[in-house]
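Encoded as structure tokens, the structure appears first; notes follow it.
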Amino acid sequence: MKSGRVISILILTVIAVVLIAQARLLYIFPQSDSARWWGDETGQMLELRAEVQDGYARIPTGLGSSVAITNGIVRGNSWLAAAIYGLPVHLFSGVAGIVDIGRTITFLLSITMLVVMYRMLRAFGVSQMVSLLAILLLVTTRSFFFSSHAARLDIAAGFSVLVFAWYLSTRFDFLRSGKWNATARWYFFYGVVAILFGTLSIHLVTLLAAISIYMLWRFGAFQKVWPIFVSLGGTLAMLAILFSVYAISGAPVTLFGNSVASNQFQSVAGGLPILRPFSRSVQLANILERLHGLWFEAPTFLILIVVTIAIQIIFLSKAEKSHKASFIYGAAIAIAISWLLFESPALYYFFQVIPIFIVVLFIEFNKQLQGTKVTQMASIAIAIVLCYFGVSDTMRAAHLSKAIEQDNSVAIASALDSIKAETKQGTIPIVLAQNPAIAIVEHEKNVRLMTAHLVSFPTSSKSIADVLKDVGVSYMILYAPHDRLSYSLDYHVLRPIADSIGTIVLRKTGTMFDVHRDYFSEQTDDRQFALNQDTMILYRLSIAR
């Protein structure tokens, strides 16, 4: 057996070891609706299930808020995401928690994406050993660890970008070699498919728009003009179908929901870097924040960028690129620009672009460093180092994850027992809960969950206390962090309201959530957990109807 084959088997084994180590924590790392996403997991699964049931996306648990009515036209059409996530959640939510179902789907998508990524690298002529090394680098990043363990759409978005880039680069290669011509039908259905994939994640609208504009330019559409109008026709045709379904469903016609104040969706849109493109301070801060995030999430990825640039400078390579390679290099640049200008620098958006960047870097890396003995030995060393850090991350994360899972589950179970003991048989009380409790409370059949969306998406100018009274909330489950800081700046108003209109029924202390905690910190021993105790507080409200 050739040495390259042996090394490939070794790297493949290392990939399997890391994935198995990560999969063991699939349902507890990070905490469901963790501080990283602030309730997005339960909310995401609820809105996609609602879209399957009602014909448009909304979050039914957000009583008293605009998201309980509709997420608006922009976010209310998530049909591809609803098919992948919403339908299984609708079918199986009676036997498993919706976040667990969503995480299972995401992890399966992650494995599928890794296989497609490998096939893609091989199709670009990257050696088997280097292709597997690229996969290993990706799975050992914390960005993959987090994203593959989330009932969210970041993996799906990154997967989609990867597939579009591969497909279009292949079409471009065929176009330039005379094996294929882009017909009017192709342009039309490309527009249809691009919009359809935009319903998988709102972030794909800008990412796929960037790669589509780049495609039209490289395909010569700007010289002929007609392909632009035909592809635009496909886009409008698909939008017409989506908006028609939305209208038929009976949902209120609004862009982001009918909240009385600027809501969270609008705030995020208003903070995008593209709105201040010529502000040097804004753009510099934008880039620095992303670099800082990448250093924490994927340091090996940043190192690879530096190494690739260094190799280019040292070797001064001017080798002619294939049509396929030249297209995907340009596509990656277009995606990078879109990511920098049209995306928030939040950590959870990183994985939408990291896979395609790694593919491009390894295509270039493979071209410069062929399978010599030196590179083979270097590959073994890199694989061992990456395996160490990947498995080490899972071991550190396991300690805090298990502590949170145990303490928070026990506390919520005690709260639900107290509610059950005070509730008349046949009555289903409404319980407003903060994020660490919502996944468990949502799955409980004897209570009705209310999420705190009324704070960020209000539909009434009334006070929150009055809205709670109108809704008929009976209990509130709130959290106080160990460091005495606010659990969430968005929802800090709930605690004083609960203190003024409610009675404390139960207090439980323990390691309840990951706010202000680092999963990968060395200092996660039992003594530290004992000293840094969070508090879960169950309030009975006196204003319930």
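We label chains A, B, ... in the order they appear in the structure tokens, count residues from 1 in each chain, and number ligands from 1 in the order shown.
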Please provide as a ChimeraX atom specification all residues within 8 Å of A:Ser131, with the sequence filter that same-chain residues fewer than 6 positions apart are discarded (counting only C-alpha atoms). /A:118,121-122,362
Mind checking which residues fall within 12 Å of A:Thr112, counting only C-alpha atoms, ignoring those fewer than 4 positions away in the same chain, and posting them as a list in words?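 So the residues in contact are Ile105, Thr106, Phe107, Leu108, Val116, Met117, Tyr118, Arg119, Ile135, Ser148, Ile155, Ala156, Gly158, Phe159, Ser160, Leu162 and Val163 of chain A.
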Write the selection just made, keeping all heavy atoms, as a tab-separated table (two decimals), in the first residue's frame?
chain	number	residue	atom	x	y	z
A	105	ILE	N	-31.13	16.75	12.65
A	105	ILE	CA	-31.14	17.08	11.22
A	105	ILE	C	-29.88	17.85	10.84
A	105	ILE	O	-29.25	17.57	9.81
A	105	ILE	CB	-32.40	17.91	10.87
A	105	ILE	CG1	-33.66	17.07	11.10
A	105	ILE	CG2	-32.34	18.41	9.44
A	105	ILE	CD1	-34.94	17.87	11.06
A	106	THR	N	-29.50	18.81	11.66
A	106	THR	CA	-28.30	19.61	11.37
A	106	THR	C	-27.05	18.74	11.32
A	106	THR	O	-26.21	18.91	10.43
A	106	THR	CB	-28.12	20.71	12.43
A	106	THR	OG1	-29.23	21.62	12.36
A	106	THR	CG2	-26.85	21.49	12.19
A	107	PHE	N	-26.93	17.81	12.27
A	107	PHE	CA	-25.73	16.98	12.29
A	107	PHE	C	-25.67	16.08	11.06
A	107	PHE	O	-24.60	15.88	10.47
A	107	PHE	CB	-25.69	16.13	13.56
A	107	PHE	CG	-24.34	15.53	13.83
A	107	PHE	CD1	-23.29	16.32	14.28
A	107	PHE	CD2	-24.10	14.18	13.61
A	107	PHE	CE1	-22.03	15.78	14.51
A	107	PHE	CE2	-22.85	13.62	13.84
A	107	PHE	CZ	-21.81	14.43	14.30
A	108	LEU	N	-26.83	15.56	10.64
A	108	LEU	CA	-26.86	14.75	9.42
A	108	LEU	C	-26.50	15.59	8.20
A	108	LEU	O	-25.78	15.13	7.29
A	108	LEU	CB	-28.25	14.13	9.24
A	108	LEU	CG	-28.64	13.06	10.27
A	108	LEU	CD1	-30.09	12.62	10.07
A	108	LEU	CD2	-27.70	11.86	10.21
A	116	VAL	N	-19.80	15.94	0.46
A	116	VAL	CA	-19.87	16.75	-0.76
A	116	VAL	C	-18.61	17.61	-0.90
A	116	VAL	O	-18.07	17.76	-2.00
A	116	VAL	CB	-21.14	17.64	-0.73
A	116	VAL	CG1	-21.10	18.67	-1.85
A	116	VAL	CG2	-22.38	16.78	-0.84
A	117	MET	N	-18.15	18.14	0.20
A	117	MET	CA	-16.93	18.96	0.18
A	117	MET	C	-15.73	18.14	-0.29
A	117	MET	O	-14.90	18.61	-1.08
A	117	MET	CB	-16.69	19.54	1.57
A	117	MET	CG	-15.51	20.49	1.67
A	117	MET	SD	-15.45	21.23	3.32
A	117	MET	CE	-13.83	22.01	3.26
A	118	TYR	N	-15.65	16.91	0.20
A	118	TYR	CA	-14.55	16.03	-0.23
A	118	TYR	C	-14.65	15.75	-1.73
A	118	TYR	O	-13.64	15.83	-2.45
A	118	TYR	CB	-14.61	14.71	0.55
A	118	TYR	CG	-13.63	13.67	0.06
A	118	TYR	CD1	-12.29	13.73	0.40
A	118	TYR	CD2	-14.07	12.62	-0.77
A	118	TYR	CE1	-11.39	12.78	-0.08
A	118	TYR	CE2	-13.18	11.67	-1.24
A	118	TYR	CZ	-11.84	11.75	-0.90
A	118	TYR	OH	-10.96	10.81	-1.37
A	119	ARG	N	-15.85	15.41	-2.21
A	119	ARG	CA	-16.04	15.14	-3.64
A	119	ARG	C	-15.71	16.38	-4.47
A	119	ARG	O	-15.16	16.28	-5.57
A	119	ARG	CB	-17.48	14.71	-3.89
A	119	ARG	CG	-17.89	13.42	-3.18
A	119	ARG	CD	-17.26	12.21	-3.79
A	119	ARG	NE	-17.69	12.02	-5.18
A	119	ARG	CZ	-17.19	11.08	-5.99
A	119	ARG	NH1	-16.25	10.27	-5.54
A	119	ARG	NH2	-17.64	10.96	-7.22
A	135	ILE	N	-10.95	18.55	5.18
A	135	ILE	CA	-12.12	18.14	5.97
A	135	ILE	C	-11.77	18.15	7.45
A	135	ILE	O	-12.54	18.64	8.29
A	135	ILE	CB	-12.61	16.75	5.55
A	135	ILE	CG1	-12.96	16.71	4.06
A	135	ILE	CG2	-13.80	16.33	6.39
A	135	ILE	CD1	-14.04	17.66	3.64
A	148	SER	N	-22.68	22.58	13.90
A	148	SER	CA	-23.21	21.24	13.65
A	148	SER	C	-24.05	20.74	14.81
A	148	SER	O	-24.72	19.72	14.70
A	148	SER	CB	-22.07	20.26	13.38
A	148	SER	OG	-21.22	20.14	14.52
A	155	ILE	N	-25.47	25.69	9.04
A	155	ILE	CA	-24.87	24.60	8.27
A	155	ILE	C	-25.52	24.52	6.90
A	155	ILE	O	-24.85	24.37	5.87
A	155	ILE	CB	-25.04	23.26	9.02
A	155	ILE	CG1	-24.10	23.20	10.22
A	155	ILE	CG2	-24.80	22.08	8.07
A	155	ILE	CD1	-22.65	22.94	9.89
A	156	ALA	N	-26.84	24.60	6.86
A	156	ALA	CA	-27.57	24.54	5.59
A	156	ALA	C	-27.15	25.67	4.66
A	156	ALA	O	-27.01	25.46	3.44
A	156	ALA	CB	-29.08	24.58	5.84
A	158	GLY	N	-24.18	27.34	4.71
A	158	GLY	CA	-22.82	27.08	4.24
A	158	GLY	C	-22.77	25.98	3.20
A	158	GLY	O	-22.02	26.05	2.22
A	159	PHE	N	-23.59	24.96	3.39
A	159	PHE	CA	-23.70	23.85	2.43
A	159	PHE	C	-24.21	24.37	1.09
A	159	PHE	O	-23.69	24.01	0.02
A	159	PHE	CB	-24.65	22.81	3.01
A	159	PHE	CG	-24.64	21.48	2.32
A	159	PHE	CD1	-25.46	20.44	2.76
A	159	PHE	CD2	-23.84	21.22	1.21
A	159	PHE	CE1	-25.47	19.21	2.14
A	159	PHE	CE2	-23.83	19.98	0.57
A	159	PHE	CZ	-24.66	18.98	1.04
A	160	SER	N	-25.21	25.23	1.12
A	160	SER	CA	-25.80	25.77	-0.11
A	160	SER	C	-24.79	26.61	-0.89
A	160	SER	O	-24.70	26.50	-2.12
A	160	SER	CB	-27.03	26.61	0.22
A	160	SER	OG	-28.03	25.83	0.84
A	162	LEU	N	-21.61	26.29	-0.85
A	162	LEU	CA	-20.65	25.33	-1.39
A	162	LEU	C	-21.18	24.69	-2.68
A	162	LEU	O	-20.47	24.62	-3.69
A	162	LEU	CB	-20.39	24.25	-0.34
A	162	LEU	CG	-19.08	23.48	-0.37
A	162	LEU	CD1	-17.90	24.42	-0.14
A	162	LEU	CD2	-19.10	22.39	0.70
A	163	VAL	N	-22.43	24.24	-2.64
A	163	VAL	CA	-23.03	23.56	-3.79
A	163	VAL	C	-23.18	24.51	-4.98
A	163	VAL	O	-22.87	24.15	-6.13
A	163	VAL	CB	-24.40	22.96	-3.40
A	163	VAL	CG1	-25.14	22.48	-4.64
A	163	VAL	CG2	-24.20	21.80	-2.42
Quick one: DSSP helix (DSSP H, G or I) residues in stretch 37-109 of chain A, as a ChimeraX atom specification? /A:40-54,66-68,72-76,79-92,98-109
If we count only C-alpha atoms and set the cut-off at 9 Å, which residues sit around A:Lys508, ignoring sequence neighbours fewer than 2 positions away in its own chain? Please answer as number ranges by chain. A: 407-408, 410-412, 414-415, 506, 510, 534-538
List as a compact mmCIF listing (two decimals) with all heavy atoms, in the first residue's frame the protein and nucleic acid residues near stretch 247-255 of chain A, meaning an atom at most 7 Å away when only C-alpha atoms are counted, but skip any in the same chain fewer than 4 places from it.
# COMPACT_ATOMS: atom_id res chain seq x y z
N ASP A 54 -49.41 26.33 9.07
CA ASP A 54 -50.25 27.50 8.77
C ASP A 54 -50.03 28.10 7.39
O ASP A 54 -50.85 28.90 6.93
CB ASP A 54 -50.02 28.59 9.82
CG ASP A 54 -50.28 28.12 11.23
OD1 ASP A 54 -51.11 27.20 11.40
OD2 ASP A 54 -49.65 28.66 12.17
N GLY A 55 -48.89 27.79 6.77
CA GLY A 55 -48.61 28.37 5.46
C GLY A 55 -47.71 29.59 5.52
O GLY A 55 -47.37 30.15 4.48
N TYR A 56 -47.28 29.98 6.69
CA TYR A 56 -46.34 31.10 6.84
C TYR A 56 -45.64 30.95 8.19
O TYR A 56 -46.17 30.33 9.11
CB TYR A 56 -47.04 32.45 6.74
CG TYR A 56 -48.10 32.69 7.78
CD1 TYR A 56 -47.83 33.39 8.95
CD2 TYR A 56 -49.40 32.21 7.60
CE1 TYR A 56 -48.81 33.60 9.91
CE2 TYR A 56 -50.39 32.42 8.54
CZ TYR A 56 -50.08 33.12 9.69
OH TYR A 56 -51.06 33.32 10.64
N THR A 70 -47.02 37.05 12.67
CA THR A 70 -46.26 36.75 11.45
C THR A 70 -44.85 37.28 11.59
O THR A 70 -44.61 38.26 12.31
CB THR A 70 -46.92 37.38 10.21
OG1 THR A 70 -46.10 37.10 9.06
CG2 THR A 70 -47.04 38.88 10.34
N GLY A 72 -43.48 38.37 8.97
CA GLY A 72 -43.42 39.27 7.83
C GLY A 72 -43.09 38.53 6.55
O GLY A 72 -42.67 37.37 6.56
N ILE A 73 -43.27 39.21 5.43
CA ILE A 73 -43.02 38.59 4.12
C ILE A 73 -41.56 38.18 3.98
O ILE A 73 -41.24 37.12 3.45
CB ILE A 73 -43.42 39.56 2.99
CG1 ILE A 73 -44.93 39.78 2.99
CG2 ILE A 73 -42.97 39.01 1.63
CD1 ILE A 73 -45.40 40.78 1.97
N VAL A 74 -40.64 39.03 4.46
CA VAL A 74 -39.22 38.77 4.27
C VAL A 74 -38.80 37.48 4.96
O VAL A 74 -38.11 36.64 4.39
CB VAL A 74 -38.38 39.95 4.80
CG1 VAL A 74 -36.89 39.63 4.70
CG2 VAL A 74 -38.70 41.21 4.00
N PHE A 243 -45.15 34.77 -2.69
CA PHE A 243 -46.02 35.82 -2.14
C PHE A 243 -47.49 35.43 -2.27
O PHE A 243 -48.30 35.80 -1.42
CB PHE A 243 -45.75 37.15 -2.84
CG PHE A 243 -44.40 37.73 -2.54
CD1 PHE A 243 -43.84 38.70 -3.36
CD2 PHE A 243 -43.67 37.31 -1.44
CE1 PHE A 243 -42.60 39.25 -3.08
CE2 PHE A 243 -42.42 37.84 -1.15
CZ PHE A 243 -41.89 38.81 -1.98
Residues of stretch 77-125 of chain A that have any atom at most 10 Å from an atom of stretch 420-443 of chain A: could you tabulate them with the shortest-distance atom pair and the distance in Å to one decimal, using only C-alpha atoms, ordered by chain and increasing number, as a tab-separated table?
residue	atom	partner	partner_atom	distance
A:Ser93	CA	A:His443	CA	7.9
A:Gly94	CA	A:His443	CA	8.0
A:Val95	CA	A:His443	CA	9.2
A:Ala96	CA	A:His443	CA	7.9
A:Gly97	CA	A:His443	CA	5.8
A:Ile98	CA	A:Ala439	CA	7.5
A:Val99	CA	A:Ala439	CA	6.7
A:Asp100	CA	A:Ala439	CA	9.2
Dump as a PDB file, in the first residue's frame, selection limited to N, CA and C atoms:
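File produced: again.pdb:
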ATOM      1  N   SER A  93     -42.512  15.862  16.934  1.00  0.00           N
ATOM      2  CA  SER A  93     -42.402  16.656  18.164  1.00  0.00           C
ATOM      3  C   SER A  93     -43.149  16.025  19.333  1.00  0.00           C
ATOM      4  N   GLY A  94     -44.037  15.067  19.054  1.00  0.00           N
ATOM      5  CA  GLY A  94     -44.732  14.394  20.146  1.00  0.00           C
ATOM      6  C   GLY A  94     -43.873  13.387  20.883  1.00  0.00           C
ATOM      7  N   VAL A  95     -42.784  12.960  20.232  1.00  0.00           N
ATOM      8  CA  VAL A  95     -41.939  11.930  20.857  1.00  0.00           C
ATOM      9  C   VAL A  95     -40.552  12.443  21.235  1.00  0.00           C
ATOM     10  N   ALA A  96     -40.190  13.629  20.775  1.00  0.00           N
ATOM     11  CA  ALA A  96     -38.876  14.199  21.100  1.00  0.00           C
ATOM     12  C   ALA A  96     -38.979  15.713  21.116  1.00  0.00           C
ATOM     13  N   GLY A  97     -38.048  16.346  21.833  1.00  0.00           N
ATOM     14  CA  GLY A  97     -38.020  17.797  21.877  1.00  0.00           C
ATOM     15  C   GLY A  97     -37.688  18.379  20.514  1.00  0.00           C
ATOM     16  N   ILE A  98     -38.247  19.539  20.204  1.00  0.00           N
ATOM     17  CA  ILE A  98     -38.044  20.106  18.874  1.00  0.00           C
ATOM     18  C   ILE A  98     -36.597  20.519  18.634  1.00  0.00           C
ATOM     19  N   VAL A  99     -35.895  20.927  19.677  1.00  0.00           N
ATOM     20  CA  VAL A  99     -34.483  21.280  19.511  1.00  0.00           C
ATOM     21  C   VAL A  99     -33.660  20.028  19.236  1.00  0.00           C
ATOM     22  N   ASP A 100     -33.960  18.937  19.915  1.00  0.00           N
ATOM     23  CA  ASP A 100     -33.246  17.680  19.664  1.00  0.00           C
ATOM     24  C   ASP A 100     -33.472  17.205  18.236  1.00  0.00           C
TER      25      ASP A 100
END
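Considering the residues A:Arg290, A:Lys445, A:Arg142, A:Arg218 and counting only C-alpha atoms, A:Trp339 has its shortest atom-to-atom contact with A:Arg290.
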Using only C-alpha atoms, what does the table of stretch 118-186 of chain A residues within 10 Å of stretch 27-32 of chain A look like, with each row giving the shortest atom pair and its distance in Å to one decimal, sorted by chain and ascending number, as CSV?
residue,atom,partner,partner_atom,distance
A:Phe145,CA,A:Phe29,CA,8.9
A:Phe146,CA,A:Pro30,CA,7.0
A:Ser147,CA,A:Pro30,CA,9.7
A:His149,CA,A:Phe29,CA,6.8
A:Ala150,CA,A:Pro30,CA,7.9
A:Ala151,CA,A:Ser32,CA,8.6
If we count only C-alpha atoms and set the cut-off at 10 Å, which residues sit around A:Val505, ignoring sequence neighbours fewer than 2 positions away in its own chain? Please answer as a PyMOL selection string. chain A and resi 415+418-419+475+502-503+507+537-541
Produce a file of the selected residues containing C-alpha atoms, as a PDB file, in the first residue's frame.
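Below is the file selection-v6.pdb, written as the result:
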ATOM      1  CA  ALA A 415     -40.611  24.267  38.820  1.00  0.00           C
ATOM      2  CA  SER A 418     -44.647  23.075  41.733  1.00  0.00           C
ATOM      3  CA  ILE A 419     -46.862  24.447  38.958  1.00  0.00           C
ATOM      4  CA  TYR A 475     -46.156  31.880  36.078  1.00  0.00           C
ATOM      5  CA  GLY A 502     -45.558  38.106  41.412  1.00  0.00           C
ATOM      6  CA  THR A 503     -44.831  35.872  44.368  1.00  0.00           C
ATOM      7  CA  ARG A 507     -35.710  29.132  43.996  1.00  0.00           C
ATOM      8  CA  ILE A 537     -36.740  31.656  40.174  1.00  0.00           C
ATOM      9  CA  LEU A 538     -40.341  30.568  39.703  1.00  0.00           C
ATOM     10  CA  TYR A 539     -42.897  33.356  40.158  1.00  0.00           C
ATOM     11  CA  ARG A 540     -46.644  33.001  40.518  1.00  0.00           C
ATOM     12  CA  LEU A 541     -48.310  36.084  39.057  1.00  0.00           C
TER      13      LEU A 541
END
Skip A:Ile101 itself and residues of its chain fewer than 6 positions away, then list as a short mmCIF file (atom, residue, chain, number, x, y, z; two decimals) with all heavy atoms, in the first residue's frame all residues within 9 Å of it, counting only C-alpha atoms.
data_model
loop_
_atom_site.label_atom_id
_atom_site.label_comp_id
_atom_site.auth_asym_id
_atom_site.auth_seq_id
_atom_site.Cartn_x
_atom_site.Cartn_y
_atom_site.Cartn_z
N MET A 45 -37.25 26.41 15.26
CA MET A 45 -38.03 25.19 15.03
C MET A 45 -39.53 25.46 15.13
O MET A 45 -40.32 24.91 14.37
CB MET A 45 -37.62 24.10 16.01
CG MET A 45 -36.18 23.61 15.87
SD MET A 45 -35.78 22.98 14.20
CE MET A 45 -34.88 24.37 13.50
N TYR A 85 -36.61 21.09 7.99
CA TYR A 85 -36.70 21.09 9.46
C TYR A 85 -38.14 21.06 9.97
O TYR A 85 -38.48 20.30 10.87
CB TYR A 85 -36.01 22.34 10.03
CG TYR A 85 -34.51 22.27 10.05
CD1 TYR A 85 -33.75 22.73 8.98
CD2 TYR A 85 -33.83 21.77 11.15
CE1 TYR A 85 -32.36 22.69 9.00
CE2 TYR A 85 -32.45 21.72 11.20
CZ TYR A 85 -31.72 22.18 10.12
OH TYR A 85 -30.36 22.13 10.15
N PRO A 88 -40.20 17.47 9.72
CA PRO A 88 -39.85 16.48 10.75
C PRO A 88 -40.25 16.92 12.15
O PRO A 88 -40.69 16.09 12.96
CB PRO A 88 -38.32 16.36 10.61
CG PRO A 88 -38.03 16.77 9.22
CD PRO A 88 -39.02 17.84 8.90
N VAL A 89 -40.10 18.20 12.45
CA VAL A 89 -40.51 18.69 13.77
C VAL A 89 -42.01 18.51 13.95
O VAL A 89 -42.48 18.11 15.02
CB VAL A 89 -40.09 20.17 13.95
CG1 VAL A 89 -40.77 20.78 15.19
CG2 VAL A 89 -38.58 20.29 14.08
N PHE A 92 -42.64 14.62 14.45
CA PHE A 92 -42.04 13.87 15.57
C PHE A 92 -41.95 14.65 16.88
O PHE A 92 -41.38 14.14 17.84
CB PHE A 92 -40.63 13.40 15.16
CG PHE A 92 -40.61 12.54 13.93
CD1 PHE A 92 -40.03 13.00 12.75
CD2 PHE A 92 -41.17 11.28 13.95
CE1 PHE A 92 -40.02 12.22 11.61
CE2 PHE A 92 -41.16 10.47 12.82
CZ PHE A 92 -40.58 10.94 11.65
N SER A 93 -42.51 15.86 16.93
CA SER A 93 -42.40 16.66 18.16
C SER A 93 -43.15 16.03 19.33
O SER A 93 -42.90 16.38 20.49
CB SER A 93 -42.91 18.08 17.92
OG SER A 93 -44.25 18.08 17.46
N ALA A 151 -29.88 23.68 16.27
CA ALA A 151 -31.13 23.60 15.52
C ALA A 151 -31.34 24.94 14.83
O ALA A 151 -32.31 25.68 15.07
CB ALA A 151 -32.29 23.28 16.46
#
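Atom pair atom CA of A:Ser500 / atom CA of A:Ile404: separated by 29.0 Å.
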Neighbour list for stretch 393-395 of chain A as JSON, numbers by chain, cut-off 8 Å, only C-alpha atoms, skip fewer than 2 positions in-chain: {"A": [21, 22, 25, 142, 389, 390, 391, 397, 398, 399, 520]}
Selected residue, from A:Ala332, A:Met450, A:Ile195, A:Leu137, that lies nearest to A:Ala298 when counting only C-alpha atoms: A:Leu137
Could you check the closest approach to A:Gly220 for each of A:Trp79, A:Tyr519, A:Tyr167, A:Phe172 and tell me which residue wins, using only C-alpha atoms?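 Result for the nearest residue to A:Gly220: A:Phe172.
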